[in-house]
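J.: Structure file data.tsv (TSV, C-alpha atoms and all ligand atoms) right here:
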chain	number	residue	atom	x	y	z
R	21	MET	CA	-20.60	156.13	-229.16
R	22	GLY	CA	-21.80	153.21	-231.32
R	23	ILE	CA	-25.48	152.83	-232.16
R	24	SER	CA	-25.96	150.25	-229.43
R	25	GLY	CA	-24.65	152.71	-226.84
R	26	GLN	CA	-21.24	151.05	-226.47
R	27	ILE	CA	-18.02	153.05	-226.63
R	28	ASN	CA	-15.90	152.08	-229.62
R	29	VAL	CA	-12.28	151.69	-228.60
R	30	THR	CA	-9.50	151.12	-231.11
R	31	VAL	CA	-6.92	148.78	-229.63
R	32	ALA	CA	-3.40	149.26	-230.98
R	33	PRO	CA	-1.86	145.99	-232.16
R	34	GLN	CA	0.88	144.76	-229.89
R	35	ASP	CA	4.19	143.21	-230.92
R	36	THR	CA	2.96	139.93	-232.31
R	37	MET	CA	5.23	137.45	-230.50
R	38	GLU	CA	5.38	139.19	-227.11
R	39	THR	CA	3.30	136.90	-224.98
R	40	ASP	CA	3.50	135.45	-221.49
R	41	LEU	CA	4.43	132.12	-223.07
R	42	THR	CA	7.85	130.84	-224.03
R	43	THR	CA	8.05	130.42	-227.79
R	44	PHE	CA	9.68	127.28	-229.12
R	45	ASP	CA	10.45	125.72	-232.49
R	46	PRO	CA	7.58	123.31	-233.30
R	47	THR	CA	10.08	120.99	-235.01
R	48	ASP	CA	11.61	120.44	-231.55
R	49	GLY	CA	9.85	117.16	-230.81
R	50	ARG	CA	10.56	117.16	-227.07
R	51	ALA	CA	9.20	120.70	-226.60
R	52	LEU	CA	6.17	120.01	-228.81
R	53	ARG	CA	5.37	116.82	-226.94
R	54	SER	CA	5.51	118.75	-223.67
R	55	ALA	CA	3.17	121.49	-224.96
R	56	PHE	CA	0.74	118.96	-226.47
R	57	GLY	CA	0.78	117.26	-223.05
R	58	ARG	CA	-0.79	120.40	-221.52
R	59	PHE	CA	-4.06	119.21	-223.05
R	60	GLY	CA	-5.48	116.89	-220.41
R	61	THR	CA	-7.45	113.94	-221.76
R	62	GLY	CA	-9.33	110.86	-220.78
R	63	VAL	CA	-7.71	107.46	-221.29
R	64	THR	CA	-8.88	104.60	-223.48
R	65	VAL	CA	-7.82	101.07	-224.29
R	66	ILE	CA	-8.48	100.03	-227.88
R	67	THR	CA	-8.80	96.33	-228.67
R	68	THR	CA	-9.07	94.24	-231.79
R	69	GLN	CA	-8.99	90.55	-232.65
R	70	THR	CA	-6.01	89.31	-234.68
R	71	ALA	CA	-4.75	85.97	-236.01
R	72	GLN	CA	-2.42	85.93	-232.98
R	73	GLY	CA	-5.31	86.52	-230.54
R	74	PRO	CA	-6.69	89.61	-228.86
R	75	LEU	CA	-4.66	92.81	-229.06
R	76	GLY	CA	-4.95	95.94	-226.92
R	77	MET	CA	-3.36	99.37	-226.80
R	78	THR	CA	-3.67	102.30	-224.42
R	79	ALA	CA	-4.49	105.55	-226.24
R	80	ASN	CA	-5.40	109.08	-225.20
R	81	SER	CA	-5.78	110.40	-228.77
R	82	PHE	CA	-9.44	109.32	-228.78
R	83	SER	CA	-11.98	111.93	-229.80
R	84	SER	CA	-15.65	111.82	-230.63
R	85	ILE	CA	-16.41	113.33	-234.05
R	86	SER	CA	-20.00	112.91	-235.18
R	87	LEU	CA	-23.37	111.81	-233.80
R	88	ASP	CA	-25.01	111.14	-237.17
R	89	PRO	CA	-23.44	108.94	-238.31
R	90	PRO	CA	-21.76	108.04	-235.00
R	91	LEU	CA	-18.02	108.51	-235.66
R	92	VAL	CA	-14.97	108.54	-233.41
R	93	LEU	CA	-11.23	108.70	-234.05
R	94	TRP	CA	-7.92	107.85	-232.51
R	95	SER	CA	-4.36	107.98	-233.79
R	96	ALA	CA	-1.86	105.11	-233.85
R	97	ALA	CA	1.88	105.84	-233.99
R	98	LEU	CA	3.60	104.35	-237.05
R	99	ARG	CA	6.50	103.32	-234.84
R	100	SER	CA	4.29	101.16	-232.61
R	101	LYS	CA	4.67	97.42	-233.18
R	102	ARG	CA	0.88	97.31	-232.88
R	103	HIS	CA	0.22	99.94	-235.56
R	104	ASP	CA	-0.21	97.61	-238.53
R	105	ALA	CA	-2.63	95.29	-236.74
R	106	PHE	CA	-4.90	98.22	-235.87
R	107	ALA	CA	-4.51	99.83	-239.31
R	108	GLN	CA	-5.59	96.55	-240.93
R	109	ALA	CA	-8.42	95.79	-238.50
R	110	GLN	CA	-11.98	95.94	-239.79
R	111	GLN	CA	-13.40	96.04	-236.27
R	112	PHE	CA	-12.10	97.47	-233.01
R	113	CYS	CA	-13.47	98.37	-229.60
R	114	ILE	CA	-12.73	101.60	-227.69
R	115	HIS	CA	-12.99	101.39	-223.89
R	116	ILE	CA	-13.22	104.54	-221.76
R	117	LEU	CA	-11.31	103.83	-218.56
R	118	GLY	CA	-12.55	104.61	-215.08
R	119	ALA	CA	-10.54	106.30	-212.32
R	120	GLY	CA	-9.55	102.95	-210.82
R	121	GLN	CA	-8.15	101.45	-214.03
R	122	GLN	CA	-4.62	102.84	-214.12
R	123	ASP	CA	-3.22	99.28	-213.99
R	124	LEU	CA	-5.16	98.46	-217.16
R	125	ALA	CA	-3.77	101.60	-218.86
R	126	ASN	CA	-0.19	100.77	-217.85
R	127	HIS	CA	-0.62	97.14	-218.86
R	128	PHE	CA	-1.74	97.91	-222.43
R	129	ALA	CA	0.82	100.69	-222.80
R	130	GLY	CA	3.55	98.13	-222.11
R	131	GLN	CA	2.34	95.29	-224.33
R	132	GLY	CA	-0.74	94.23	-226.28
R	133	HIS	CA	-1.31	90.48	-226.31
R	134	ASP	CA	-1.64	89.43	-222.67
R	135	PHE	CA	-5.29	89.63	-221.60
R	136	SER	CA	-4.91	87.00	-218.85
R	137	GLY	CA	-5.24	89.42	-215.91
R	138	PHE	CA	-8.53	90.90	-217.11
R	139	GLU	CA	-12.08	89.72	-217.55
R	140	TRP	CA	-13.17	90.11	-221.16
R	141	VAL	CA	-15.67	88.78	-223.65
R	142	SER	CA	-15.79	88.62	-227.42
R	143	GLY	CA	-17.92	91.58	-228.60
R	144	PRO	CA	-20.71	91.49	-231.21
R	145	ASP	CA	-18.26	91.89	-234.11
R	146	GLY	CA	-15.42	89.88	-232.59
R	147	ALA	CA	-13.36	92.65	-230.96
R	148	PRO	CA	-12.59	91.90	-227.29
R	149	GLN	CA	-14.61	93.85	-224.70
R	150	ILE	CA	-12.86	94.26	-221.36
R	151	LYS	CA	-15.16	94.31	-218.34
R	152	GLY	CA	-15.32	97.11	-215.78
R	153	CYS	CA	-14.85	100.14	-218.07
R	154	LEU	CA	-17.05	103.26	-218.14
R	155	ALA	CA	-18.13	102.87	-221.76
R	156	ALA	CA	-17.36	100.69	-224.77
R	157	PHE	CA	-17.76	101.55	-228.45
R	158	HIS	CA	-17.58	98.70	-230.95
R	159	CYS	CA	-16.50	100.26	-234.23
R	160	GLU	CA	-16.17	99.32	-237.86
R	161	THR	CA	-13.18	101.02	-239.52
R	162	PHE	CA	-14.64	103.94	-241.49
R	163	ALA	CA	-11.46	105.61	-242.80
R	164	ILE	CA	-7.73	105.69	-242.19
R	165	HIS	CA	-5.91	108.94	-242.88
R	166	PRO	CA	-2.10	109.09	-243.03
R	167	ALA	CA	-1.06	111.91	-240.70
R	168	GLY	CA	2.70	112.41	-240.29
R	169	ASP	CA	4.12	109.88	-237.87
R	170	HIS	CA	0.61	108.60	-236.98
R	171	SER	CA	-2.39	107.07	-238.76
R	172	MET	CA	-5.73	108.65	-237.90
R	173	ILE	CA	-8.20	105.81	-237.54
R	174	VAL	CA	-11.86	106.80	-237.87
R	175	GLY	CA	-14.43	104.31	-236.61
R	176	GLU	CA	-18.18	104.10	-237.09
R	177	VAL	CA	-19.75	103.05	-233.81
R	178	LYS	CA	-21.93	99.99	-234.40
R	179	HIS	CA	-22.60	98.97	-230.79
R	180	ALA	CA	-22.26	101.18	-227.73
R	181	SER	CA	-22.64	100.64	-223.99
R	182	GLU	CA	-22.13	102.68	-220.83
R	183	CYS	CA	-21.91	101.75	-217.16
R	184	PRO	CA	-24.86	102.81	-215.04
R	185	GLY	CA	-24.31	105.59	-212.50
R	186	GLU	CA	-21.70	108.30	-212.44
R	187	GLY	CA	-18.26	106.58	-212.31
R	188	ALA	CA	-15.36	109.05	-212.60
R	189	GLY	CA	-12.96	108.78	-215.52
R	190	LEU	CA	-9.21	108.13	-215.53
R	191	LEU	CA	-7.44	111.27	-216.79
R	192	PHE	CA	-3.98	111.92	-218.24
R	193	ASP	CA	-2.27	115.30	-218.00
R	194	GLN	CA	1.40	116.23	-218.48
R	195	GLY	CA	2.45	112.59	-218.45
R	196	ARG	CA	0.61	111.76	-215.22
R	197	PHE	CA	-2.57	109.86	-214.46
R	198	GLY	CA	-5.15	111.51	-212.22
R	199	THR	CA	-8.82	112.15	-211.62
R	200	PHE	CA	-11.19	115.07	-212.02
R	201	THR	CA	-12.20	117.27	-209.11
R	202	PRO	CA	-15.38	119.19	-209.96
R	203	LYS	CA	-15.62	122.85	-208.88
R	204	THR	CA	-18.68	123.03	-206.68
R	301	LIG	C1	-1.76	107.49	-221.38
R	301	LIG	C2	-1.19	106.94	-222.67
R	301	LIG	C3	-1.75	107.32	-223.86
R	301	LIG	C4	-1.24	106.82	-225.07
R	301	LIG	N1	-1.84	107.20	-226.24
R	301	LIG	C5	-1.39	106.70	-227.41
R	301	LIG	C6	-2.05	107.03	-228.63
R	301	LIG	O1	-3.04	107.75	-228.66
R	301	LIG	N2	-1.54	106.51	-229.78
R	301	LIG	C7	-0.45	105.69	-229.78
R	301	LIG	O2	-0.02	105.25	-230.85
R	301	LIG	N3	0.17	105.33	-228.64
R	301	LIG	C8	-0.28	105.81	-227.46
R	301	LIG	N4	0.32	105.45	-226.29
R	301	LIG	C9	1.44	104.49	-226.33
R	301	LIG	C10	0.93	103.04	-226.53
R	301	LIG	O3	0.04	102.66	-225.50
R	301	LIG	C11	2.10	102.04	-226.53
R	301	LIG	O4	2.84	102.21	-225.36
R	301	LIG	C12	3.00	102.26	-227.70
R	301	LIG	O5	2.25	102.12	-228.87
R	301	LIG	C13	4.18	101.27	-227.69
R	301	LIG	O6	3.94	100.43	-228.73
R	301	LIG	P1	4.64	99.02	-229.05
R	301	LIG	O7	5.01	98.36	-227.75
R	301	LIG	O8	3.53	98.31	-229.77
R	301	LIG	O9	5.77	99.35	-229.96
R	301	LIG	C14	-0.16	105.93	-225.07
R	301	LIG	C15	0.41	105.55	-223.84
R	301	LIG	C16	-0.10	106.04	-222.65
R	301	LIG	C17	0.50	105.59	-221.35
I need this file expressed as C-alpha cells, please.
T.:
Amino acid sequence: MGISGQINVTVAPQDTMETDLTTFDPTDGRALRSAFGRFGTGVTVITTQTAQGPLGMTANSFSSISLDPPLVLWSAALRSKRHDAFAQAQQFCIHILGAGQQDLANHFAGQGHDFSGFEWVSGPDGAPQIKGCLAAFHCETFAIHPAGDHSMIVGEVKHASECPGEGAGLLFDQGRFGTFTPKT
C-alpha cells in the first residue's frame, strides 16, 4: 500500500514493438504520407502579392504557435512552383476556410494565380484577402526554417479578423474533405 492508500503495482515491460499497429519504415514516403494523413486538420488558403499579381495556395500545415507575440506557421513544399514566391514574401495572409469552401480549396490546390472567380480585396499590408472565409490573419514573415523537403514559414500576425457567429470549418482527413460533427 502506498502512503496515499493506492496499491502499487509493478507492470512488466512488454515486447517493445508488439502493438496493435502495423509498423512501417518511415523512409517509405507513401506509408508515411498515409500515417501523417490520419491527423485530421482544418484547411487554409495562403495568399501573397507578387510582381505577377496575387498568388494563393491551399495548405493544411497551418498551426498556431504563440499568443504573445502572435505567431503562426505553415510549411511550403520545396517542389511546389509556388514555394519560392512564398519563401520570399514579406507579407502573406492565412485564410481559415469554412465548410462550404471546398471549391476554393480545390482551386488553389490546382493553381495559384487565377483569383477571377472569387471576391477579394487588397489587405492592410498588400496581401490579398479573399471574402467569405471564417478568419483571416495578415502576417509579416517572422522566420523561415529549412525543414527537409519543406520550408517552415513562421508569420507574425499583424492584422486579424474573424467572421461573426459560429460557422463550421472545412476539414481534411485521410485525403478527403469533410465537416465536424460535435458529440452532443
Ligand atoms: C487539403 C490540401 C492541403 C495542402 N497543404 C499543403 C501544405 O501545407 N503545403 C504545401 O506545400 N502544399 C500543400 N498542398 C498542395 C498545394 O496546395 C499545391 O497543390 C501544391 O503546392 C502544388 O504546387 P504547384 O502547382 O505550385 O507546383 C495541399 C493541398 C491540399 C488539397
J.: Determine, counting all atoms listed in the file, which protein, DNA and RNA residues have an atom within 12 Å of an atom of R:His127; residues of the same chain fewer than 2 positions away are not included. Present the result as a VMD selection string.
T.: chain R and resid 65 75 to 79 121 to 125 129 to 138
J.: Taking only C-alpha atoms and all ligand atoms into account, which of R:Ile116, R:Leu91, R:Ala51, R:Ala96 comes nearest ligand LIG 301 (chain R)?
T.: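 Smallest distance to ligand LIG 301 (chain R) is found for R:Ala96.
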J.: Just how far from atom CA of R:Phe162 is atom CA of R:Ser86, in Å to one decimal?
T.: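 So the two atoms, atom CA of R:Ser86 and atom CA of R:Phe162, lie 12.2 Å apart.
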J.: Show me, as lines of an AutoDock Vina configuration file, the centre and edge lengths in Å to one decimal of the axis-aligned box that covers every listed atom of ligand LIG 301 (chain R) with 4 Å on each side.
T.:
center_x = 1.4
center_y = 103.0
center_z = -226.1
size_x = 16.8
size_y = 17.4
size_z = 17.5
J.: Could you give me, as a ChimeraX atom specification, every polymer residue with an atom at most 8 Å away from an atom of ligand LIG 301 (chain R), counting all atoms listed in the file?
T.: /R:63-64,77-82,94-103,125-126,128-132,170,192,195-197
J.: With all atoms listed in the file as the counted atoms, please give the residues lying no more than 9 Å from R:Pro148, apart from itself and same-chain residues fewer than 2 positions off, as a list of chain:residue names.
T.: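 Listed by chain and then number, they are R:Thr67, R:Thr68, R:Gln69, R:Pro74, R:Leu75, R:Gly76, R:Phe112, R:Cys113, R:Trp140, R:Val141, R:Ser142, R:Gly143, R:Asp145, R:Gly146, R:Ile150.
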J.: Can you work out which one of R:Ser83, R:Ser181, R:Gln72, R:Ser54 has the shortest atom-to-atom distance to R:Leu154, counting only C-alpha atoms?
T.: R:Ser181
J.: Show me, as number ranges by chain, the residues that have an atom within 9 Å of R:Gln194 when counting all atoms listed in the file, minus same-chain residues fewer than 6 positions from it.
T.: R: 54-60
J.: Atom CA of R:Pro90 and atom CA of R:Ile66 are how many Å apart?
T.: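 Value for the atom CA of R:Pro90-atom CA of R:Ile66 distance: 17.1 Å.
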J.: Is there a way to get, as an NGL selection string, all residues within 8 Å of the point (-24.6, 104.7, -238.0) in file coordinates, counting only C-alpha atoms?
T.: :R and (88-91 or 176-178)
J.: For R:Leu93, which residue among R:Asp40, R:Asp48, R:Glu182, R:Glu160 is the nearest when counting all atoms listed in the file?
T.: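 Closest residue, counting all atoms listed in the file: R:Glu160.
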J.: Nearest residue to R:Glu186 out of R:Ala167, R:Leu87, R:Ala109, R:Ala119, using all atoms listed in the file?
T.: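 Closest to R:Glu186 of all the choices is R:Ala119.
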J.: Do you have the atom CA of R:Arg53-atom CA of R:Gly168 distance handy?
T.: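 These two atoms are separated by 14.3 Å.
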